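Next comes run_22.txt, with compact mmCIF, C-alpha atoms.
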# COMPACT_ATOMS: atom_id res chain seq x y z
CA MET E 1 -20.84 -21.17 -39.65
CA ARG E 2 -21.52 -17.55 -38.71
CA GLN E 3 -22.28 -18.51 -35.11
CA ALA E 4 -19.11 -20.59 -34.97
CA MET E 5 -17.05 -17.62 -36.16
CA LYS E 6 -18.63 -15.37 -33.54
CA LYS E 7 -17.86 -17.94 -30.84
CA TRP E 8 -14.25 -18.21 -32.01
CA ALA E 9 -13.88 -14.41 -31.97
CA ALA E 10 -15.28 -14.19 -28.45
CA MET E 11 -12.88 -16.87 -27.22
CA SER E 12 -9.96 -15.07 -28.86
CA LEU E 13 -10.84 -11.84 -27.07
CA ALA E 14 -11.14 -13.69 -23.77
CA VAL E 15 -7.54 -14.94 -23.89
CA LEU E 16 -5.97 -11.81 -25.36
CA ALA E 17 -3.35 -10.72 -22.83
CA ILE E 18 -2.20 -7.48 -24.35
CA SER E 19 -4.51 -4.71 -25.49
CA MET E 20 -3.24 -1.67 -27.32
CA SER E 21 -4.96 1.57 -28.24
CA ALA E 22 -3.78 4.70 -30.00
CA CYS E 23 -4.84 8.32 -29.97
CA ALA E 24 -3.66 11.55 -31.53
CA THR E 25 -0.86 12.10 -29.03
CA GLY E 26 0.20 8.59 -28.06
CA SER E 27 -0.80 5.04 -27.20
CA SER E 28 -1.37 2.68 -24.30
CA ILE E 29 -0.71 -0.96 -23.58
CA SER E 30 -2.38 -3.14 -20.95
CA TRP E 31 -1.46 -6.56 -19.60
CA LYS E 32 -1.91 -8.88 -16.63
CA GLU E 33 0.81 -10.30 -14.39
CA GLU E 34 0.90 -13.01 -11.77
CA VAL E 35 2.61 -11.63 -8.66
CA LEU E 36 4.36 -13.96 -6.22
CA LEU E 37 3.98 -12.63 -2.67
CA HIS E 38 6.59 -13.19 0.04
CA ASP E 39 4.40 -15.77 1.80
CA GLY E 40 4.05 -17.93 -1.31
CA ARG E 41 0.60 -16.75 -2.32
CA LYS E 42 -0.03 -15.43 -5.82
CA MET E 43 -2.35 -12.80 -7.16
CA VAL E 44 -3.03 -11.32 -10.59
CA VAL E 45 -2.62 -7.59 -11.15
CA GLU E 46 -3.67 -5.43 -14.09
CA ARG E 47 -1.04 -3.07 -15.48
CA LYS E 48 -1.17 -0.28 -18.03
CA ASP E 49 1.42 2.01 -19.65
CA ILE E 50 0.18 5.25 -21.24
CA HIS E 51 2.52 7.04 -23.66
CA ASP E 52 2.04 10.65 -24.77
CA SER E 53 4.00 12.19 -27.64
CA SER E 54 3.03 15.71 -26.54
CA LEU E 55 5.49 15.40 -23.63
CA PRO E 56 9.06 16.66 -24.24
CA HIS E 57 11.27 14.10 -25.98
CA GLU E 58 14.11 13.89 -28.48
CA ILE E 59 13.37 13.88 -32.21
CA GLY E 60 13.10 10.31 -33.45
CA GLN E 61 12.34 8.86 -30.03
CA GLY E 62 9.04 7.23 -29.21
CA ALA E 63 6.34 8.86 -27.12
CA PRO E 64 7.43 9.19 -23.46
CA LEU E 65 5.73 7.21 -20.69
CA ALA E 66 3.13 9.62 -19.34
CA GLU E 67 1.56 7.36 -16.73
CA HIS E 68 1.75 3.85 -15.37
CA VAL E 69 -1.15 2.24 -13.53
CA THR E 70 -1.23 -1.03 -11.60
CA THR E 71 -4.59 -2.19 -10.23
CA PHE E 72 -5.35 -5.18 -8.02
CA ASN E 73 -7.84 -6.67 -5.59
CA MET E 74 -6.53 -7.11 -2.06
CA PRO E 75 -6.34 -10.87 -1.37
CA ASP E 76 -8.26 -10.77 1.90
CA THR E 77 -10.82 -7.98 1.51
CA LYS E 78 -11.05 -7.85 -2.32
CA GLN E 79 -10.85 -4.07 -2.08
CA ARG E 80 -9.86 -2.58 -5.42
CA VAL E 81 -6.61 -0.61 -5.13
CA THR E 82 -4.63 1.35 -7.72
CA TRP E 83 -0.97 2.34 -7.65
CA ARG E 84 0.16 4.86 -10.24
CA SER E 85 3.10 6.94 -11.42
CA ASP E 86 2.08 10.19 -13.13
CA ASN E 87 4.95 11.62 -15.16
CA ARG E 88 3.16 14.48 -16.91
CA SER E 89 4.28 17.32 -14.64
CA ARG E 90 7.52 18.97 -15.75
CA SER E 91 8.31 20.31 -12.29
CA GLU E 92 6.96 17.50 -10.07
CA PRO E 93 7.05 14.27 -12.11
CA ASP E 94 6.70 10.93 -10.32
CA ASN E 95 8.85 8.90 -12.74
CA LEU E 96 8.54 5.83 -10.53
CA ASP E 97 9.17 2.28 -11.74
CA LEU E 98 7.17 -0.21 -9.66
CA MET E 99 9.37 -3.04 -8.37
CA VAL E 100 7.62 -4.65 -5.39
CA LEU E 101 3.97 -5.09 -4.51
CA ASP E 102 3.30 -7.19 -1.40
CA PHE E 103 1.25 -7.45 1.78
CA MET E 104 2.07 -7.60 5.48
CA ASN E 105 -0.78 -8.25 7.92
CA GLY E 106 -3.22 -7.48 5.13
CA VAL E 107 -1.68 -4.07 4.39
CA PRO E 108 -0.35 -3.35 0.87
CA TYR E 109 3.21 -2.09 0.47
CA ALA E 110 5.03 -0.94 -2.65
CA ALA E 111 8.61 -0.13 -3.60
CA ALA E 112 9.63 1.74 -6.73
CA GLY E 113 12.81 2.79 -8.46
CA ILE E 114 13.26 6.28 -9.91
CA THR E 115 13.77 6.71 -13.65
CA ARG E 116 14.70 10.39 -14.15
CA CYS E 117 17.14 12.76 -12.46
CA ILE E 118 14.59 15.53 -11.89
CA ALA E 119 12.36 13.00 -10.13
CA TYR E 120 15.34 11.66 -8.18
CA ASN E 121 15.91 15.14 -6.79
CA ARG E 122 12.20 15.70 -6.31
CA TRP E 123 12.02 12.55 -4.13
CA GLY E 124 14.88 13.83 -1.98
CA ARG E 125 17.80 11.90 -3.55
CA PRO E 126 17.20 8.66 -1.59
CA ASN E 127 20.10 6.24 -1.28
CA PRO E 128 19.48 3.36 -1.81
CA PRO E 129 17.48 4.81 -4.73
CA TYR E 130 13.96 3.62 -3.95
CA VAL E 131 10.71 5.21 -2.85
CA PHE E 132 8.57 3.15 -0.46
CA PHE E 133 4.82 3.31 0.11
CA LYS E 134 2.18 1.90 2.43
CA TYR E 135 -1.55 1.91 1.66
CA ASP E 136 -3.57 3.31 4.55
CA GLY E 137 -6.95 2.14 3.26
CA LYS E 138 -7.57 5.31 1.26
CA ALA E 139 -4.29 6.41 -0.30
CA TRP E 140 -0.64 5.48 -0.68
CA GLN E 141 1.58 7.16 1.90
CA ARG E 142 5.33 7.41 1.54
CA ILE E 143 7.28 5.59 4.24
CA SER E 144 10.94 5.18 5.15
CA LEU E 145 13.18 2.27 4.28
CA GLU E 146 13.04 1.18 7.94
CA GLU E 147 9.23 0.93 7.74
CA PHE E 148 9.33 -1.25 4.63
CA PRO E 149 9.10 -4.91 5.77
CA ALA E 150 12.43 -6.74 5.60
CA GLU E 151 10.56 -9.80 4.29
CA PHE E 152 10.15 -8.06 0.94
CA LYS E 153 13.53 -8.81 -0.59
CA GLU E 154 13.07 -9.21 -4.33
CA PRO E 155 11.17 -7.42 -7.14
CA ASN E 156 8.01 -9.36 -7.99
CA VAL E 157 6.53 -7.31 -10.84
CA MET E 158 8.03 -6.75 -14.28
CA ILE E 159 10.48 -3.87 -13.89
CA GLY E 160 10.25 -1.18 -16.55
CA GLY E 161 6.74 -2.04 -17.62
CA TYR E 162 5.78 -4.32 -20.49
CA ASP E 163 8.83 -5.67 -22.30
CA GLU E 164 7.64 -7.49 -25.41
CA TYR E 165 11.21 -8.07 -26.59
CA SER E 166 11.88 -10.33 -23.60
CA LEU E 167 8.81 -12.45 -24.30
CA THR E 168 8.10 -15.21 -26.79
CA VAL E 169 5.05 -15.04 -29.06
CA GLU E 170 3.28 -17.55 -26.80
CA GLU E 171 4.04 -15.48 -23.71
CA ARG E 172 2.78 -12.30 -25.38
CA ASP E 173 -0.44 -14.11 -26.33
CA ALA E 174 -0.98 -15.62 -22.89
CA SER E 175 -3.82 -14.23 -20.79
CA VAL E 176 -1.47 -13.68 -17.83
CA LEU E 177 2.31 -13.40 -17.55
CA THR E 178 3.40 -15.98 -15.00
CA ALA E 179 5.39 -15.04 -11.90
CA GLY E 180 8.19 -17.28 -13.13
CA LYS E 181 8.48 -15.39 -16.39
CA VAL E 182 8.39 -12.05 -14.59
CA ARG E 183 11.26 -13.16 -12.37
CA LYS E 184 13.25 -14.40 -15.36
CA VAL E 185 12.88 -11.07 -17.17
CA ASN E 186 13.86 -9.14 -14.04
CA LYS E 187 16.95 -11.32 -13.63
CA ALA E 188 18.16 -10.65 -17.18
CA ALA E 189 21.82 -9.74 -17.54
CA GLY E 190 22.78 -6.10 -17.77
CA ARG E 191 20.51 -4.70 -15.10
CA SER E 192 21.94 -2.72 -12.20
CA PRO E 193 22.34 -4.55 -8.83
CA GLU E 194 19.52 -2.58 -7.20
CA SER E 195 17.14 -4.10 -9.79
CA TYR E 196 17.84 -7.71 -8.76
CA THR E 197 17.07 -7.26 -5.09
CA ILE E 198 15.98 -4.56 -2.65
CA ILE E 199 19.27 -3.17 -1.38
CA ARG E 200 19.12 -1.74 2.13
CA GLU E 201 22.55 -0.15 2.30
CA PRO E 202 23.54 3.13 0.58
CA LEU E 203 25.16 2.74 -2.83
CA LYS E 204 28.63 4.18 -3.37
CA ILE E 205 28.11 4.34 -7.14
CA GLY E 206 25.04 4.22 -9.33
CA ALA E 207 21.92 6.33 -9.52
CA PRO E 208 22.75 8.76 -6.66
CA ALA E 209 26.16 9.55 -8.15
CA ASN E 210 24.97 9.73 -11.74
CA CYS E 211 22.24 12.29 -11.04
CA GLY E 212 23.66 15.66 -10.18
CA GLU E 213 22.12 17.58 -7.33
CA MET E 214 19.28 19.90 -8.37
CA ILE E 215 17.13 22.30 -6.37
CA ARG E 216 13.83 24.04 -7.05
CA PHE E 217 14.29 27.33 -8.86
CA GLU E 218 11.68 29.54 -10.48
CA GLY E 219 9.15 26.77 -11.05
CA GLY E 220 11.72 24.27 -12.27
CA TRP E 221 14.95 22.55 -11.26
CA ALA E 222 18.56 23.66 -11.62
CA SER E 223 21.98 22.87 -10.17
CA PRO E 224 22.99 24.81 -7.04
CA SER E 225 25.91 26.37 -8.94
CA TYR E 226 23.58 27.63 -11.67
CA VAL E 227 21.21 29.12 -9.10
CA GLU E 228 24.09 30.78 -7.25
CA ARG E 229 25.57 32.16 -10.46
CA THR E 230 22.22 33.43 -11.71
CA ILE E 231 21.41 35.19 -8.45
CA LYS E 232 24.87 36.77 -8.35
CA GLN E 233 24.47 38.04 -11.94
CA ARG E 234 21.13 39.58 -11.07
CA VAL E 235 22.50 41.23 -7.93
CA ASP E 236 25.47 42.62 -9.88
CA ALA E 237 23.17 43.88 -12.63
CA GLU E 238 20.97 45.59 -10.06
CA LYS E 239 24.03 47.26 -8.47
CA ARG E 240 25.18 48.55 -11.87
CA THR E 241 21.72 49.89 -12.60
CA ARG E 242 21.59 51.73 -9.29
CA LYS E 243 25.08 53.13 -9.84
CA MET E 244 24.21 54.37 -13.33
CA SER E 245 20.99 55.89 -12.02
CA SER E 246 22.91 57.64 -9.22
CA GLU E 247 25.54 59.01 -11.63
CA SER E 248 22.92 60.35 -14.00
CA THR E 249 21.29 62.40 -11.27
CA ASP E 250 24.54 63.99 -10.10
What does this structure look like when you write it as structure tokens?
Amino acid sequence: MRQAMKKWAAMSLAVLAISMSACATGSSISWKEEVLLHDGRKMVVERKDIHDSSLPHEIGQGAPLAEHVTTFNMPDTKQRVTWRSDNRSRSEPDNLDLMVLDFMNGVPYAAAGITRCIAYNRWGRPNPPYVFFKYDGKAWQRISLEEFPAEFKEPNVMIGGYDEYSLTVEERDASVLTAGKVRKVNKAAGRSPESYTIIREPLKIGAPANCGEMIRFEGGWASPSYVERTIKQRVDAEKRTRKMSSESTD
């Protein structure tokens, strides 16, 4: 009986799709997804969301997403490759939401949406609002929209990370989320148009318009009007100080 129970426990662990862990400042969740490539092939990727409550967030809200990691073996070479978004930096956060992971001539490409306005400005306010990457064999390099293969037309990984509320109990317990289920979740009503497909024309409304322009200022980010106003106030204050100093010596 004891051996049977051990065998049952081992089998249960083998098919467990989602693993969760907690620490003093947050938690993490890991899962596997089947990714449908543009040429019809499929591969399984490992994904992980790491949340950290020590990052700034509103009272009552859950711990912010500190990092997302997607790891996979390249179909042809089996090289282990990792794509990640590190959101911990307050001044230079990635805040990228992986949308596409595909291959052209054996080379990995990735496309990601941007989830925060500071990051949107940090990435140069792209319109359409994506950031594109190409893996050069050692690291991911940012590329232009024109360099991103036109064959990659639709998101093929679960947008926004693991969404348990869009999954049934059976799907949450499955060892791998199927490509069909991933596509169904991504096609759910209510998402913005740029989430359904990779748009290649600038948007007139949406993320670019909703995020006000910000520029780097004193280790952070601020609107151009705030920077201009602040600098003017400092210049005026300096002039008054010099004037008062001059009058006191007369």
Quiz item: Which of these, E:Phe103, E:Phe132, E:Tyr120, E:Trp31, has the shortest distance to His68 in chain E once you count all atoms listed in the file?
Solution: E:Trp31
Self-check item: Within 9 Å of file point (4.8, -3.4, -0.8), counting only C-alpha atoms, expressed as a ChimeraX atom specification
Solution: /E:99-104,107-111,132-135,148-149,152
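If you look at CA of Gly220 in chain E and CA of Ala63 in chain E, they are 22.1 Å away from each other.
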Self-check item: Point-to-point distance from CA of Gly160 in chain E to CA of Arg88 in chain E, Å rounded to tenths
Solution: 17.2 Å
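Atom pair CA of Ala179 in chain E / CA of His38 in chain E has a distance of 12.1 Å (rounded to one decimal).
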Exercise. Could you please give me, as an MDAnalysis selection string, the residues of protein, DNA or RNA lying at most 9 Å from (17.9, -4.1, -9.8) in the coordinate frame of the file, considering all atoms listed in the file?
Key: chainID E and resid 99 113 154:155 159 186:187 191:199
Quiz item: Using all atoms listed in the file, which of the listed residues (E:Ala150, E:Val69, E:Cys117, E:Met43) sits closest to Ala222 in chain E?
Solution: E:Cys117
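Counting all atoms listed in the file, the residue from E:Gly124, E:Val131, E:Lys138, E:His51 that sits nearest to Val81 in chain E is E:Lys138.
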Exercise. Have a look at E:Ser53, E:Ser223, E:Asn105, E:Ser91 and name the one nearest to Asp76 in chain E; count only C-alpha atoms.
Key: E:Asn105
Quiz item: For Glu151 in chain E, which residue out of E:Gln233, E:Arg122, E:Leu37, E:Asp97 is the nearest one, using all atoms listed in the file?
Solution: E:Leu37
Self-check item: Residue nearest Ile231 in chain E among E:Phe217, E:Arg183, E:Asn127, E:Leu65 (counting all atoms listed in the file)
Solution: E:Phe217
Let me have the centre and edge lengths in Å, one decimal, of the box along x, y and z around every listed atom of range 114-124 of chain E with 5 Å of margin on each side, as lines of an AutoDock Vina configuration file.
center_x = 14.6
center_y = 11.0
center_z = -8.1
size_x = 15.1
size_y = 19.4
size_z = 22.2
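Residues lying within 8 Å of Leu177 in chain E, counting only C-alpha atoms and ignoring same-chain neighbours fewer than 5 positions away, are Lys32, Glu33, Glu34, Glu171, Arg172 and Val182 of chain E.
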